[in-house]
>>> print(open('run-v4.txt').read())   # compact mmCIF, C-alpha atoms
# COMPACT_ATOMS: atom_id res chain seq x y z
CA MET A 1 98.25 79.17 64.71
CA GLY A 2 95.25 77.96 62.76
CA TYR A 3 91.80 76.96 63.88
CA SER A 4 92.47 73.26 63.43
CA GLU A 5 95.55 73.40 65.67
CA ASN A 6 93.59 75.20 68.41
CA THR A 7 90.86 72.59 68.16
CA THR A 8 93.44 69.83 68.49
CA GLY A 9 94.91 71.52 71.54
CA LEU A 10 91.45 71.99 73.06
CA VAL A 11 90.55 68.31 72.66
CA LEU A 12 93.90 67.19 74.04
CA ALA A 13 93.51 69.49 77.05
CA MET A 14 90.04 68.10 77.83
CA VAL A 15 91.29 64.52 77.51
CA SER A 16 94.18 65.44 79.78
CA SER A 17 91.82 66.74 82.48
CA LEU A 18 89.74 63.57 82.30
CA PHE A 19 92.76 61.30 82.78
CA ILE A 20 94.40 63.43 85.48
CA GLY A 21 91.18 63.78 87.47
CA THR A 22 90.67 60.01 87.34
CA SER A 23 94.29 59.33 88.29
CA PHE A 24 93.86 61.11 91.64
CA ILE A 25 91.17 58.64 92.63
CA LEU A 26 92.93 55.52 91.36
CA LYS A 27 96.13 56.46 93.16
CA LYS A 28 94.20 57.29 96.34
CA LYS A 29 92.51 53.87 96.33
CA GLY A 30 95.86 52.23 95.67
CA LEU A 31 97.43 54.14 98.57
CA LYS A 32 94.61 53.05 100.88
CA ARG A 33 95.11 49.40 99.95
CA ALA A 34 98.86 49.71 100.38
CA ALA A 35 98.44 51.37 103.79
CA ALA A 36 96.39 48.39 104.97
CA ALA A 37 99.25 46.05 104.08
CA GLY A 38 102.25 48.12 105.18
CA THR A 39 103.62 51.57 106.03
CA ARG A 40 101.63 54.53 104.71
CA ALA A 41 103.17 56.79 102.09
CA GLY A 42 102.35 59.75 104.32
CA VAL A 43 105.01 58.64 106.79
CA GLY A 44 107.61 57.55 104.25
CA GLY A 45 106.37 54.10 103.22
CA TYR A 46 106.73 52.77 99.68
CA THR A 47 104.50 49.69 99.76
CA TYR A 48 102.21 51.46 97.29
CA LEU A 49 104.77 50.59 94.60
CA LEU A 50 103.51 46.99 94.84
CA GLU A 51 99.87 48.00 94.43
CA PRO A 52 98.50 47.53 90.84
CA LEU A 53 95.76 50.11 91.36
CA TRP A 54 98.34 52.78 92.20
CA TRP A 55 100.22 51.95 89.02
CA ALA A 56 96.95 52.21 87.07
CA GLY A 57 96.55 55.70 88.49
CA MET A 58 100.17 56.47 87.70
CA ILE A 59 99.80 55.38 84.08
CA THR A 60 96.58 57.35 83.80
CA MET A 61 98.31 60.44 85.12
CA ILE A 62 101.21 60.00 82.69
CA VAL A 63 98.77 59.74 79.77
CA GLY A 64 97.04 62.88 80.99
CA GLU A 65 100.29 64.77 81.41
CA VAL A 66 101.50 63.72 77.97
CA SER A 67 98.20 64.92 76.47
CA ASN A 68 98.59 68.20 78.31
CA PHE A 69 102.17 68.51 77.11
CA VAL A 70 101.17 68.01 73.48
CA ALA A 71 98.24 70.41 73.92
CA TYR A 72 100.68 73.22 74.78
CA ILE A 73 102.40 72.63 71.45
CA TYR A 74 99.20 73.06 69.44
CA ALA A 75 97.38 75.72 71.48
CA PRO A 76 98.37 78.72 73.63
CA ALA A 77 98.57 78.40 77.41
CA VAL A 78 95.62 80.77 77.84
CA LEU A 79 93.43 78.15 76.17
CA VAL A 80 94.94 75.00 77.71
CA THR A 81 95.57 75.97 81.34
CA PRO A 82 91.98 76.87 82.40
CA LEU A 83 90.76 73.46 81.27
CA GLY A 84 92.81 71.96 84.09
CA ALA A 85 89.88 72.95 86.31
CA LEU A 86 87.92 70.08 84.76
CA SER A 87 90.19 67.63 86.58
CA ILE A 88 89.03 69.10 89.91
CA ILE A 89 85.37 68.50 89.10
CA ILE A 90 86.10 64.97 87.86
CA SER A 91 88.15 64.01 90.92
CA ALA A 92 85.59 65.51 93.33
CA VAL A 93 82.72 63.59 91.72
CA LEU A 94 84.66 60.34 91.59
CA ALA A 95 85.85 60.80 95.19
CA HIS A 96 82.21 61.11 96.27
CA PHE A 97 81.16 57.86 94.62
CA MET A 98 84.33 55.75 94.78
CA LEU A 99 86.00 56.91 98.01
CA ARG A 100 82.87 58.05 99.86
CA GLU A 101 84.57 61.33 100.69
CA GLN A 102 81.96 63.94 101.50
CA LEU A 103 82.35 67.56 100.42
CA GLN A 104 80.27 70.03 102.44
CA ARG A 105 78.14 72.68 100.76
CA LEU A 106 80.58 75.46 101.62
CA GLY A 107 83.32 73.22 100.27
CA VAL A 108 81.46 73.05 96.97
CA VAL A 109 81.25 76.86 96.96
CA GLY A 110 84.96 77.04 97.74
CA CYS A 111 85.73 74.66 94.90
CA ILE A 112 83.70 76.80 92.51
CA LEU A 113 85.46 79.95 93.72
CA CYS A 114 88.84 78.31 93.15
CA ILE A 115 87.88 77.35 89.62
CA VAL A 116 86.40 80.75 88.78
CA GLY A 117 89.36 82.63 90.27
CA SER A 118 91.88 80.48 88.45
CA VAL A 119 90.05 80.90 85.16
CA VAL A 120 89.96 84.69 85.65
CA ILE A 121 93.71 84.74 86.31
CA VAL A 122 94.50 82.69 83.23
CA ILE A 123 92.11 84.55 80.94
CA HIS A 124 93.67 87.89 81.84
CA ALA A 125 97.23 86.61 81.89
CA PRO A 126 99.38 88.33 79.27
CA GLN A 127 100.30 86.64 76.02
CA GLU A 128 103.77 85.10 76.00
CA HIS A 129 106.43 85.46 73.34
CA MET A 130 107.17 82.11 71.71
CA PRO A 131 110.94 81.48 71.50
CA THR A 132 112.29 80.20 68.21
CA SER A 133 115.29 78.21 69.48
CA ILE A 134 116.59 76.46 72.59
CA GLN A 135 119.39 79.04 72.82
CA GLU A 136 116.83 81.82 73.09
CA ILE A 137 115.09 79.93 75.91
CA TRP A 138 118.43 79.50 77.68
CA ILE A 139 119.05 83.25 77.55
CA LEU A 140 115.65 83.78 79.18
CA ALA A 141 116.44 81.14 81.82
CA ILE A 142 119.70 82.77 82.95
CA GLN A 143 118.35 86.30 83.21
CA PRO A 144 118.82 87.69 86.76
CA ALA A 145 115.11 87.89 87.61
CA PHE A 146 114.47 84.24 86.81
CA VAL A 147 117.68 83.07 88.49
CA ILE A 148 116.53 84.84 91.67
CA TYR A 149 113.12 83.17 91.33
CA VAL A 150 114.69 79.73 90.94
CA ALA A 151 117.00 80.33 93.92
CA ALA A 152 114.02 81.43 96.05
CA THR A 153 112.01 78.39 94.93
CA ILE A 154 114.79 75.95 95.79
CA SER A 155 115.29 77.63 99.19
CA ILE A 156 111.59 77.44 100.05
CA VAL A 157 111.33 73.84 98.90
CA ALA A 158 114.38 72.89 101.00
CA ALA A 159 112.86 74.60 104.05
CA LEU A 160 109.54 72.82 103.52
CA MET A 161 111.23 69.44 103.05
CA PHE A 162 113.71 69.49 105.90
CA HIS A 163 112.15 71.77 108.51
CA TYR A 164 108.37 72.03 108.14
CA GLU A 165 107.46 68.63 106.65
CA PRO A 166 108.75 66.53 109.61
CA ARG A 167 106.84 68.77 112.04
CA TYR A 168 103.64 69.74 110.25
CA GLY A 169 103.37 67.50 107.18
CA GLN A 170 100.70 65.26 108.73
CA THR A 171 98.44 68.15 109.78
CA ASN A 172 98.90 70.82 107.10
CA MET A 173 98.43 69.83 103.47
CA LEU A 174 100.01 73.08 102.26
CA ILE A 175 103.43 71.65 103.16
CA TYR A 176 103.14 68.78 100.67
CA LEU A 177 101.23 70.77 98.07
CA GLY A 178 103.62 73.71 98.37
CA ILE A 179 106.52 71.45 97.43
CA CYS A 180 104.51 69.92 94.56
CA SER A 181 103.42 73.31 93.21
CA LEU A 182 106.79 75.04 93.47
CA MET A 183 108.54 72.17 91.73
CA GLY A 184 105.65 71.93 89.27
CA ALA A 185 106.19 75.50 88.10
CA LEU A 186 109.80 74.66 87.27
CA THR A 187 108.59 71.49 85.58
CA VAL A 188 106.29 73.45 83.27
CA VAL A 189 108.92 75.92 82.06
CA SER A 190 111.35 73.03 81.52
CA ILE A 191 108.75 70.95 79.70
CA LYS A 192 107.83 73.92 77.54
CA ALA A 193 111.48 74.32 76.57
CA ILE A 194 111.66 70.62 75.70
CA GLY A 195 108.40 70.83 73.74
CA ILE A 196 109.70 73.74 71.68
CA ALA A 197 112.93 71.84 71.03
CA ILE A 198 110.98 68.76 69.89
CA LYS A 199 108.70 70.82 67.67
CA LEU A 200 111.65 72.62 66.05
CA THR A 201 113.43 69.29 65.56
CA LEU A 202 110.38 67.78 63.86
CA GLU A 203 110.25 70.84 61.62
CA GLY A 204 113.81 70.15 60.48
CA ILE A 205 115.70 72.46 62.85
CA SER A 206 117.41 69.94 65.13
CA GLN A 207 117.92 70.97 68.76
CA ILE A 208 119.22 67.61 70.00
CA ALA A 209 122.90 68.53 69.83
CA TYR A 210 122.52 71.50 72.17
CA PRO A 211 123.41 70.76 75.84
CA GLN A 212 120.66 73.15 76.97
CA THR A 213 118.05 70.71 75.66
CA TRP A 214 119.40 67.92 77.88
CA PHE A 215 119.75 70.27 80.84
CA PHE A 216 116.05 71.18 80.66
CA LEU A 217 115.23 67.49 80.34
CA ALA A 218 117.22 66.65 83.49
CA VAL A 219 115.53 69.46 85.43
CA ALA A 220 112.12 68.25 84.31
CA VAL A 221 112.83 64.66 85.40
CA ILE A 222 114.04 65.73 88.87
CA CYS A 223 111.09 68.04 89.39
CA VAL A 224 108.53 65.46 88.23
CA ILE A 225 109.92 62.79 90.57
CA THR A 226 109.79 65.21 93.51
CA GLN A 227 106.25 66.27 92.61
CA LEU A 228 104.98 62.70 92.46
CA ASN A 229 106.59 61.72 95.75
CA TYR A 230 105.00 64.54 97.74
CA LEU A 231 101.72 64.38 95.86
CA ASN A 232 101.46 60.73 96.93
CA ARG A 233 101.96 61.78 100.54
CA ALA A 234 99.32 64.48 100.26
CA LEU A 235 96.78 62.08 98.75
CA ASP A 236 97.53 59.44 101.35
CA THR A 237 97.16 61.86 104.26
CA PHE A 238 94.31 64.19 103.24
CA ASN A 239 90.94 64.13 101.51
CA ALA A 240 91.34 63.79 97.73
CA ALA A 241 88.36 66.07 97.11
CA ILE A 242 90.26 68.84 98.91
CA VAL A 243 93.77 68.04 97.68
CA SER A 244 92.81 68.30 94.00
CA PRO A 245 91.43 71.88 93.91
CA ILE A 246 94.06 73.33 96.25
CA TYR A 247 96.85 71.70 94.27
CA TYR A 248 95.32 73.03 91.06
CA VAL A 249 95.08 76.58 92.43
CA MET A 250 98.63 76.65 93.79
CA PHE A 251 100.12 74.95 90.75
CA THR A 252 98.33 77.23 88.27
CA THR A 253 99.20 80.39 90.16
CA LEU A 254 102.89 79.56 90.55
CA THR A 255 103.11 78.39 86.95
CA ILE A 256 101.74 81.72 85.70
CA ILE A 257 104.24 83.59 87.90
CA ALA A 258 107.21 81.47 86.77
CA SER A 259 106.24 81.76 83.12
CA ALA A 260 105.72 85.51 83.42
CA ILE A 261 109.15 86.04 85.00
CA MET A 262 111.01 83.80 82.58
CA PHE A 263 109.28 84.89 79.37
CA LYS A 264 108.66 88.53 80.47
CA ASP A 265 104.96 88.25 79.71
CA TRP A 266 103.89 91.04 82.06
CA ALA A 267 105.44 93.84 80.00
CA GLY A 268 102.86 96.13 78.40
CA GLN A 269 99.80 94.92 80.35
CA ASP A 270 96.98 97.41 80.75
CA ALA A 271 95.41 98.38 84.10
CA SER A 272 92.18 96.46 83.53
CA SER A 273 94.03 93.17 83.09
CA ILE A 274 96.07 93.77 86.25
CA VAL A 275 92.92 94.55 88.27
CA SER A 276 91.23 91.44 86.89
CA GLU A 277 94.19 89.29 87.91
CA ILE A 278 94.14 90.74 91.44
CA CYS A 279 90.43 89.96 91.70
CA GLY A 280 91.16 86.46 90.49
CA PHE A 281 93.77 85.97 93.22
CA ILE A 282 91.34 87.22 95.88
CA THR A 283 88.68 84.82 94.60
CA VAL A 284 91.14 81.92 94.68
CA LEU A 285 92.21 82.83 98.22
CA SER A 286 88.58 82.95 99.38
CA GLY A 287 87.87 79.55 97.84
CA THR A 288 90.96 78.03 99.42
CA ILE A 289 89.94 79.29 102.88
CA LEU A 290 86.45 77.81 102.47
CA LEU A 291 87.91 74.49 101.41
CA HIS A 292 90.12 74.41 104.49
CA LEU A 293 87.26 75.32 106.84
CA THR A 294 85.00 72.59 105.48
CA ARG A 295 87.67 69.92 105.07
CA GLU A 296 86.62 66.44 106.12
CA GLN A 297 89.27 65.18 108.50
CA GLU A 298 90.35 61.60 107.96
CA PRO A 299 90.79 59.51 111.10
CA ALA A 300 94.35 59.33 112.30
CA ASN A 301 95.95 55.90 112.32
CA PRO A 302 99.50 56.25 113.63
CA PRO A 303 101.77 53.39 112.58
CA GLY A 304 103.46 51.23 115.16
CA ASN A 305 100.69 51.35 117.82
CA ILE A 306 99.13 47.99 118.71
CA SER A 307 96.53 47.50 121.44
CA TRP A 308 94.94 44.36 122.91
CA TYR A 309 92.88 43.26 125.92
CA ASP A 310 94.24 40.47 128.15
CA GLY A 311 91.16 40.07 130.38
CA GLU A 312 92.26 42.54 133.03
CA ASP A 313 93.89 45.56 131.44
CA ILE A 314 94.23 47.06 128.01
CA LYS A 315 97.84 47.04 126.83
CA VAL A 316 99.27 49.32 124.16
CA MET A 317 102.65 48.96 122.43
CA GLU A 318 103.67 52.43 121.27
CA ASN A 319 107.03 52.99 119.58
CA GLY A 320 108.40 49.82 121.13
CA HIS A 321 107.20 50.56 124.70
CA TYR A 322 104.39 48.81 126.56
CA ILE A 323 101.70 50.96 128.17
CA MET A 324 99.05 49.46 130.43
CA LEU A 325 95.70 51.24 130.64
CA ASN A 326 92.52 50.45 132.49
CA ASP A 327 89.14 50.69 130.77
CA SER A 328 88.28 54.12 132.13
CA ASN A 329 91.56 55.66 130.89
CA TYR A 330 91.42 53.97 127.50
CA PHE A 331 87.87 54.95 126.63
CA ARG A 332 87.89 58.48 128.05
>>> encode(input="run-v4.txt", output="structure tokens")
Amino acid sequence: MGYSENTTGLVLAMVSSLFIGTSFILKKKGLKRAAAAGTRAGVGGYTYLLEPLWWAGMITMIVGEVSNFVAYIYAPAVLVTPLGALSIIISAVLAHFMLREQLQRLGVVGCILCIVGSVVIVIHAPQEHMPTSIQEIWILAIQPAFVIYVAATISIVAALMFHYEPRYGQTNMLIYLGICSLMGALTVVSIKAIGIAIKLTLEGISQIAYPQTWFFLAVAVICVITQLNYLNRALDTFNAAIVSPIYYVMFTTLTIIASAIMFKDWAGQDASSIVSEICGFITVLSGTILLHLTREQEPANPPGNISWYDGEDIKVMENGHYIMLNDSNYFR
């Protein structure tokens, strides 16, 4: 891979981070506007689909993801992936000015630790072997280790969706972001397979006729839709300045793991690289804890509760039932 191709990949990766970081804020503002006019996305509402600002954020994110996708074709993952940290800085700065979301000093330190730890992990991640055909990628995808990983991922995602999300989704952002990140790792390996197929096809070695190409495309579409749905819920429920770095850390970490298992990148690593990766994980964990401890809680606004004063008592309609409160009980 020549210098010019690496430069192209570098520029595309930086443009991708700019668009993705901006998309978080545009979508968040769109979700806020939609919540004021209907049911919030965090509790299953879809009124944000009628909000132009959300669609602006969606289009911006698509442009960023496409740029990132093309960047992986021209440059190695070790060069492209760390630049995703730029989207965290962009979204945090824009959230401060556009959403008035405050990030405490320890939160800033936590954000820096997340970025540094993620960069360390990626820098010391082993080089991957680049497959030369879609059939070779399929062989890697059906190896026992990766099949076990995919089965474990689907099981965890199902548990998060159907058991933990209804109970803890509104209070613990890791539920939503866990689903996004786990599905995102599968998205990346599928997108990489599609990218290789497209590149080979453009070089004259057509991969369109192979069913494996369409299988990877179907997996990518399903995973992307799931990611976007739960990412919307996370952004609507929690502080965007906190969602962005935690999502980046979890997504990057799981992507490296999935790629390493599927493409067997860990074989032949020396001890210094392994120690560096462990230190990177510890740094990321420390940053994530700091971000949680300094998180700015957004005021709860449960849907379906309406209160009014009739001159004598304060009345509240909650889930279809009327509750009458006196002033001392209501303002305690």
>>> residues_around(input="run-v4.txt", residues="Thr283 in chain A", least_positions_apart="5", cutoff="7 Å", atoms="all atoms listed in the file", output="VMD selection string")
chain A and resid 113 to 114 117
>>> closest_residue(input="run-v4.txt", among="A:Arg233, A:Pro52, A:Tyr72, A:Phe263", to="Val11 in chain A", atoms="only C-alpha atoms")
A:Tyr72
>>> atom_distance(input="run-v4.txt", atom1="CA of Ile246 in chain A", atom2="CA of Met173 in chain A")
9.1 Å
>>> residues_around(input="run-v4.txt", residues="Ile154 in chain A", least_positions_apart="4", cutoff="9 Å", atoms="all atoms listed in the file", output="list in words")
Tyr149, Val150, Ala158, Ala159, Leu182 and Met183 of chain A
>>> residues_around(input="run-v4.txt", residues="Ile115 in chain A", least_positions_apart="2", cutoff="8 Å", atoms="only C-alpha atoms", output="list in words")
Ala85, Cys111, Ile112, Leu113, Gly117, Ser118, Val119, Pro245, Val249 and Val284 of chain A
>>> atom_distance(input="run-v4.txt", atom1="CA of Ile198 in chain A", atom2="CA of Ile142 in chain A")
21.0 Å
>>> residues_around(input="run-v4.txt", residues="Val224 in chain A", least_positions_apart="5", cutoff="10 Å", atoms="only C-alpha atoms", output="list of chain:residue names")
A:Cys180, A:Met183, A:Gly184, A:Leu186, A:Thr187, A:Val188, A:Ala218, A:Val219, A:Asn229
>>> write_last_selection(input="run-v4.txt", atoms="C-alpha atoms", output="short mmCIF file (atom, residue, chain, number, x, y, z; two decimals), keeping the file's coordinate frame")
data_model
loop_
_atom_site.label_atom_id
_atom_site.label_comp_id
_atom_site.auth_asym_id
_atom_site.auth_seq_id
_atom_site.Cartn_x
_atom_site.Cartn_y
_atom_site.Cartn_z
CA CYS A 180 104.51 69.92 94.56
CA MET A 183 108.54 72.17 91.73
CA GLY A 184 105.65 71.93 89.27
CA LEU A 186 109.80 74.66 87.27
CA THR A 187 108.59 71.49 85.58
CA VAL A 188 106.29 73.45 83.27
CA ALA A 218 117.22 66.65 83.49
CA VAL A 219 115.53 69.46 85.43
CA ASN A 229 106.59 61.72 95.75
#
>>> residues_around(input="run-v4.txt", residues="range 12-18 of chain A", least_positions_apart="2", cutoff="8 Å", atoms="all atoms listed in the file", output="ChimeraX atom specification")
/A:8-10,20-22,63-68,70-71,80,83-87,90
>>> closest_residue(input="run-v4.txt", among="A:Val116, A:Lys28, A:Phe281, A:Met262", to="Ala145 in chain A", atoms="all atoms listed in the file")
A:Met262
>>> atom_distance(input="run-v4.txt", atom1="CA of Ile89 in chain A", atom2="CA of Ser244 in chain A")
8.9 Å
>>> closest_residue(input="run-v4.txt", among="A:Leu49, A:Thr153, A:Val108, A:Gly169", to="Leu290 in chain A", atoms="all atoms listed in the file")
A:Val108
>>> closest_residue(input="run-v4.txt", among="A:Leu94, A:Ala234, A:Ile134, A:Met250", to="Leu217 in chain A", atoms="only C-alpha atoms")
A:Ile134
>>> decode(input="run-v4.txt", residues="range 178-213 of chain A", atoms="N, CA and C atoms", output="PDB file, in the first residue's frame")
ATOM      1  N   GLY A 178     -24.249  -1.200  25.046  1.00  0.00           N
ATOM      2  CA  GLY A 178     -23.778  -2.575  24.898  1.00  0.00           C
ATOM      3  C   GLY A 178     -24.363  -3.223  23.655  1.00  0.00           C
ATOM      4  N   ILE A 179     -25.667  -2.996  23.441  1.00  0.00           N
ATOM      5  CA  ILE A 179     -26.309  -3.531  22.234  1.00  0.00           C
ATOM      6  C   ILE A 179     -25.688  -2.914  20.985  1.00  0.00           C
ATOM      7  N   CYS A 180     -25.519  -1.584  21.001  1.00  0.00           N
ATOM      8  CA  CYS A 180     -24.927  -0.889  19.846  1.00  0.00           C
ATOM      9  C   CYS A 180     -23.526  -1.417  19.536  1.00  0.00           C
ATOM     10  N   SER A 181     -22.715  -1.573  20.572  1.00  0.00           N
ATOM     11  CA  SER A 181     -21.313  -1.953  20.381  1.00  0.00           C
ATOM     12  C   SER A 181     -21.171  -3.404  19.934  1.00  0.00           C
ATOM     13  N   LEU A 182     -21.945  -4.291  20.544  1.00  0.00           N
ATOM     14  CA  LEU A 182     -21.873  -5.700  20.165  1.00  0.00           C
ATOM     15  C   LEU A 182     -22.310  -5.899  18.715  1.00  0.00           C
ATOM     16  N   MET A 183     -23.409  -5.241  18.347  1.00  0.00           N
ATOM     17  CA  MET A 183     -23.862  -5.335  16.963  1.00  0.00           C
ATOM     18  C   MET A 183     -22.908  -4.594  16.031  1.00  0.00           C
ATOM     19  N   GLY A 184     -22.297  -3.525  16.530  1.00  0.00           N
ATOM     20  CA  GLY A 184     -21.355  -2.761  15.726  1.00  0.00           C
ATOM     21  C   GLY A 184     -20.128  -3.561  15.343  1.00  0.00           C
ATOM     22  N   ALA A 185     -19.661  -4.417  16.256  1.00  0.00           N
ATOM     23  CA  ALA A 185     -18.501  -5.249  15.945  1.00  0.00           C
ATOM     24  C   ALA A 185     -18.814  -6.199  14.794  1.00  0.00           C
ATOM     25  N   LEU A 186     -20.020  -6.760  14.810  1.00  0.00           N
ATOM     26  CA  LEU A 186     -20.426  -7.625  13.697  1.00  0.00           C
ATOM     27  C   LEU A 186     -20.610  -6.824  12.414  1.00  0.00           C
ATOM     28  N   THR A 187     -21.054  -5.574  12.583  1.00  0.00           N
ATOM     29  CA  THR A 187     -21.202  -4.710  11.409  1.00  0.00           C
ATOM     30  C   THR A 187     -19.858  -4.492  10.726  1.00  0.00           C
ATOM     31  N   VAL A 188     -18.829  -4.224  11.527  1.00  0.00           N
ATOM     32  CA  VAL A 188     -17.510  -3.909  10.968  1.00  0.00           C
ATOM     33  C   VAL A 188     -16.937  -5.082  10.175  1.00  0.00           C
ATOM     34  N   VAL A 189     -16.998  -6.294  10.750  1.00  0.00           N
ATOM     35  CA  VAL A 189     -16.430  -7.436  10.021  1.00  0.00           C
ATOM     36  C   VAL A 189     -17.234  -7.719   8.755  1.00  0.00           C
ATOM     37  N   SER A 190     -18.557  -7.470   8.808  1.00  0.00           N
ATOM     38  CA  SER A 190     -19.376  -7.665   7.611  1.00  0.00           C
ATOM     39  C   SER A 190     -19.074  -6.600   6.565  1.00  0.00           C
ATOM     40  N   ILE A 191     -18.948  -5.357   7.025  1.00  0.00           N
ATOM     41  CA  ILE A 191     -18.640  -4.261   6.104  1.00  0.00           C
ATOM     42  C   ILE A 191     -17.263  -4.449   5.479  1.00  0.00           C
ATOM     43  N   LYS A 192     -16.323  -4.943   6.269  1.00  0.00           N
ATOM     44  CA  LYS A 192     -14.981  -5.177   5.730  1.00  0.00           C
ATOM     45  C   LYS A 192     -15.032  -6.233   4.634  1.00  0.00           C
ATOM     46  N   ALA A 193     -15.831  -7.279   4.854  1.00  0.00           N
ATOM     47  CA  ALA A 193     -15.985  -8.316   3.834  1.00  0.00           C
ATOM     48  C   ALA A 193     -16.595  -7.727   2.558  1.00  0.00           C
ATOM     49  N   ILE A 194     -17.602  -6.874   2.736  1.00  0.00           N
ATOM     50  CA  ILE A 194     -18.238  -6.236   1.573  1.00  0.00           C
ATOM     51  C   ILE A 194     -17.251  -5.306   0.867  1.00  0.00           C
ATOM     52  N   GLY A 195     -16.477  -4.557   1.660  1.00  0.00           N
ATOM     53  CA  GLY A 195     -15.489  -3.648   1.072  1.00  0.00           C
ATOM     54  C   GLY A 195     -14.454  -4.383   0.244  1.00  0.00           C
ATOM     55  N   ILE A 196     -13.980  -5.525   0.764  1.00  0.00           N
ATOM     56  CA  ILE A 196     -13.011  -6.321   0.014  1.00  0.00           C
ATOM     57  C   ILE A 196     -13.641  -6.849  -1.272  1.00  0.00           C
ATOM     58  N   ALA A 197     -14.905  -7.274  -1.176  1.00  0.00           N
ATOM     59  CA  ALA A 197     -15.599  -7.774  -2.372  1.00  0.00           C
ATOM     60  C   ALA A 197     -15.743  -6.676  -3.417  1.00  0.00           C
ATOM     61  N   ILE A 198     -16.080  -5.461  -2.964  1.00  0.00           N
ATOM     62  CA  ILE A 198     -16.229  -4.337  -3.902  1.00  0.00           C
ATOM     63  C   ILE A 198     -14.880  -3.986  -4.537  1.00  0.00           C
ATOM     64  N   LYS A 199     -13.846  -3.951  -3.718  1.00  0.00           N
ATOM     65  CA  LYS A 199     -12.518  -3.616  -4.239  1.00  0.00           C
ATOM     66  C   LYS A 199     -12.054  -4.644  -5.266  1.00  0.00           C
ATOM     67  N   LEU A 200     -12.253  -5.937  -4.960  1.00  0.00           N
ATOM     68  CA  LEU A 200     -11.865  -6.986  -5.904  1.00  0.00           C
ATOM     69  C   LEU A 200     -12.680  -6.893  -7.189  1.00  0.00           C
ATOM     70  N   THR A 201     -13.970  -6.566  -7.049  1.00  0.00           N
ATOM     71  CA  THR A 201     -14.826  -6.433  -8.227  1.00  0.00           C
ATOM     72  C   THR A 201     -14.362  -5.283  -9.108  1.00  0.00           C
ATOM     73  N   LEU A 202     -14.012  -4.152  -8.489  1.00  0.00           N
ATOM     74  CA  LEU A 202     -13.527  -3.007  -9.252  1.00  0.00           C
ATOM     75  C   LEU A 202     -12.186  -3.300  -9.919  1.00  0.00           C
ATOM     76  N   GLU A 203     -11.434  -4.240  -9.346  1.00  0.00           N
ATOM     77  CA  GLU A 203     -10.154  -4.618  -9.932  1.00  0.00           C
ATOM     78  C   GLU A 203     -10.310  -5.670 -11.021  1.00  0.00           C
ATOM     79  N   GLY A 204     -11.551  -6.070 -11.283  1.00  0.00           N
ATOM     80  CA  GLY A 204     -11.795  -7.024 -12.368  1.00  0.00           C
ATOM     81  C   GLY A 204     -12.071  -8.433 -11.914  1.00  0.00           C
ATOM     82  N   ILE A 205     -12.034  -8.683 -10.592  1.00  0.00           N
ATOM     83  CA  ILE A 205     -12.316 -10.015 -10.060  1.00  0.00           C
ATOM     84  C   ILE A 205     -13.691  -9.961  -9.400  1.00  0.00           C
ATOM     85  N   SER A 206     -14.736 -10.193 -10.153  1.00  0.00           N
ATOM     86  CA  SER A 206     -16.098 -10.003  -9.670  1.00  0.00           C
ATOM     87  C   SER A 206     -16.441 -10.960  -8.530  1.00  0.00           C
ATOM     88  N   GLN A 207     -17.044 -10.397  -7.476  1.00  0.00           N
ATOM     89  CA  GLN A 207     -17.487 -11.180  -6.323  1.00  0.00           C
ATOM     90  C   GLN A 207     -19.008 -11.123  -6.164  1.00  0.00           C
ATOM     91  N   ILE A 208     -19.677 -10.516  -7.127  1.00  0.00           N
ATOM     92  CA  ILE A 208     -21.125 -10.297  -7.020  1.00  0.00           C
ATOM     93  C   ILE A 208     -21.906 -11.605  -7.077  1.00  0.00           C
ATOM     94  N   ALA A 209     -21.447 -12.560  -7.845  1.00  0.00           N
ATOM     95  CA  ALA A 209     -22.193 -13.802  -8.038  1.00  0.00           C
ATOM     96  C   ALA A 209     -22.141 -14.723  -6.826  1.00  0.00           C
ATOM     97  N   TYR A 210     -21.246 -14.474  -5.888  1.00  0.00           N
ATOM     98  CA  TYR A 210     -21.108 -15.352  -4.736  1.00  0.00           C
ATOM     99  C   TYR A 210     -22.173 -15.031  -3.684  1.00  0.00           C
ATOM    100  N   PRO A 211     -22.909 -16.042  -3.196  1.00  0.00           N
ATOM    101  CA  PRO A 211     -23.954 -15.792  -2.178  1.00  0.00           C
ATOM    102  C   PRO A 211     -23.385 -15.247  -0.870  1.00  0.00           C
ATOM    103  N   GLN A 212     -22.113 -15.540  -0.586  1.00  0.00           N
ATOM    104  CA  GLN A 212     -21.509 -15.040   0.648  1.00  0.00           C
ATOM    105  C   GLN A 212     -21.481 -13.509   0.676  1.00  0.00           C
ATOM    106  N   THR A 213     -21.288 -12.895  -0.494  1.00  0.00           N
ATOM    107  CA  THR A 213     -21.273 -11.435  -0.560  1.00  0.00           C
ATOM    108  C   THR A 213     -22.606 -10.870  -0.105  1.00  0.00           C
TER     109      THR A 213
END
